[in-house]
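All remarks here apply to the structure that follows.
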Amino acid sequence: MTAILPPGYVSILQAADILEQSLFAGLPDNAIVLKYRHVGLALGDGAARDQAITELWNAVDAKKVQVVAFGGRPRRMIKLDPALTKQIPWLRSPRGRGFTALRPSNPAFHSLAAWFGPNVGDATLAFCETEIQKLGRRVMQTRRRVSRSNDTKKRIGRPSRQAAVRAAIGEIVEKRKWTPLSGLKALTKETNRKGKWQKPVSEDTVARALDWLYGNTQDRRFERRKKR
């Protein structure tokens with residue numbers, strides 16, 4: 001039975017749901033997840049859930065989110081130190097998430113027993129909903145920055161001129177203004193004469209374009225003799 005939390009607090013699974021939306025909104029579901037959903041099974045994305053829980057604990061360690069526990073009689077709330085949570089078996093595991101594996105031989109047991117009584121397994125892990133919402137917004141902002149950075153990197157640098165150079169060489173060869181016997185230097189001169197380039201086309205650029213044309217057409221008019 002799921003413990004009822006006071007207003008303003010969410011369980012670790014509810015927190016993970018919020019973070020999943022921030023981490024994966026707009027991204028396609030896993031193929032295996034889609035497969036089972038198509039046959040009517042309400043299957044969640046376990047990998048996405050695991051990543052969301054990992055993100056949550058990273059925020060706890062960075063002191064951006066405070067983890068608390070509710071329990072005892074009368075019921076009380078205790079703020080947990082991140083170092084203490086690391087001592088509790090399976091507490092941070094996506095498959096564990098609770099205190100049921102904590103035994104009296106573990107030093108952390110005595111701290112929790114002093115707060116909640118001997119039935120420490122009945123205590124419930126929780127997070128402030130406002131802090132989780134803020135974390136979700138930070139995660140989304142990070143995704144946007146990374147996306148913009150990737151877009152910028154794609155635009156950096158001089159656009160490839162290969163397509164234009166290939167087209168120019170094709171016309172030159174078609175009009176018989178160059179044959180492989182004339183050599184690469186002569187073709188480079190013809191290419192620079194034909195195209196309106198901001199900077200002269202190099203022999204290396206012409207060579208790569210010529211090799212691409214021959215490789216994709218097997219037309220011997222584009223085959224050049226390479227120096228051994």
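Ordering of the structure tokens sets the chain letters (A, B, ...); residue numbers start at 1 within each chain; ligands are numbered from 1 in the order shown.
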Near-region 199-211 of chain A list (9 Å; only C-alpha atoms; drop same-chain fewer than 5 positions) as a list in words: Arg161, Gln162, Ala163, Val165, Arg166, Ile169, Gly170, Leu184, Lys185, Leu187, Thr188, Lys189, Thr191, Asn192, Asn216, Phe222, Glu223 and Arg224 of chain A
Within 12 Å of Ala52 (chain A) using only C-alpha atoms, minus same-chain residues under 2 positions, as a PyMOL selection string: chain A and resi 12-24+45-50+54-59+92-94+132+135-136+139
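CA of Gln198 (chain A) sits 25.5 Å away from CA of Arg176 (chain A).
Across the structure, CA of Val146 (chain A) and CA of Ile53 (chain A) are spaced 20.9 Å apart.
You will find CA of Gly8 (chain A) at 5.5 Å from CA of Glu129 (chain A).
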Name the closest residue to Arg221 (chain A) among the candidates A:Cys128, A:Gly195, A:Lys175, A:Ala101; distances are taken between atoms, counting only C-alpha atoms. A:Lys175
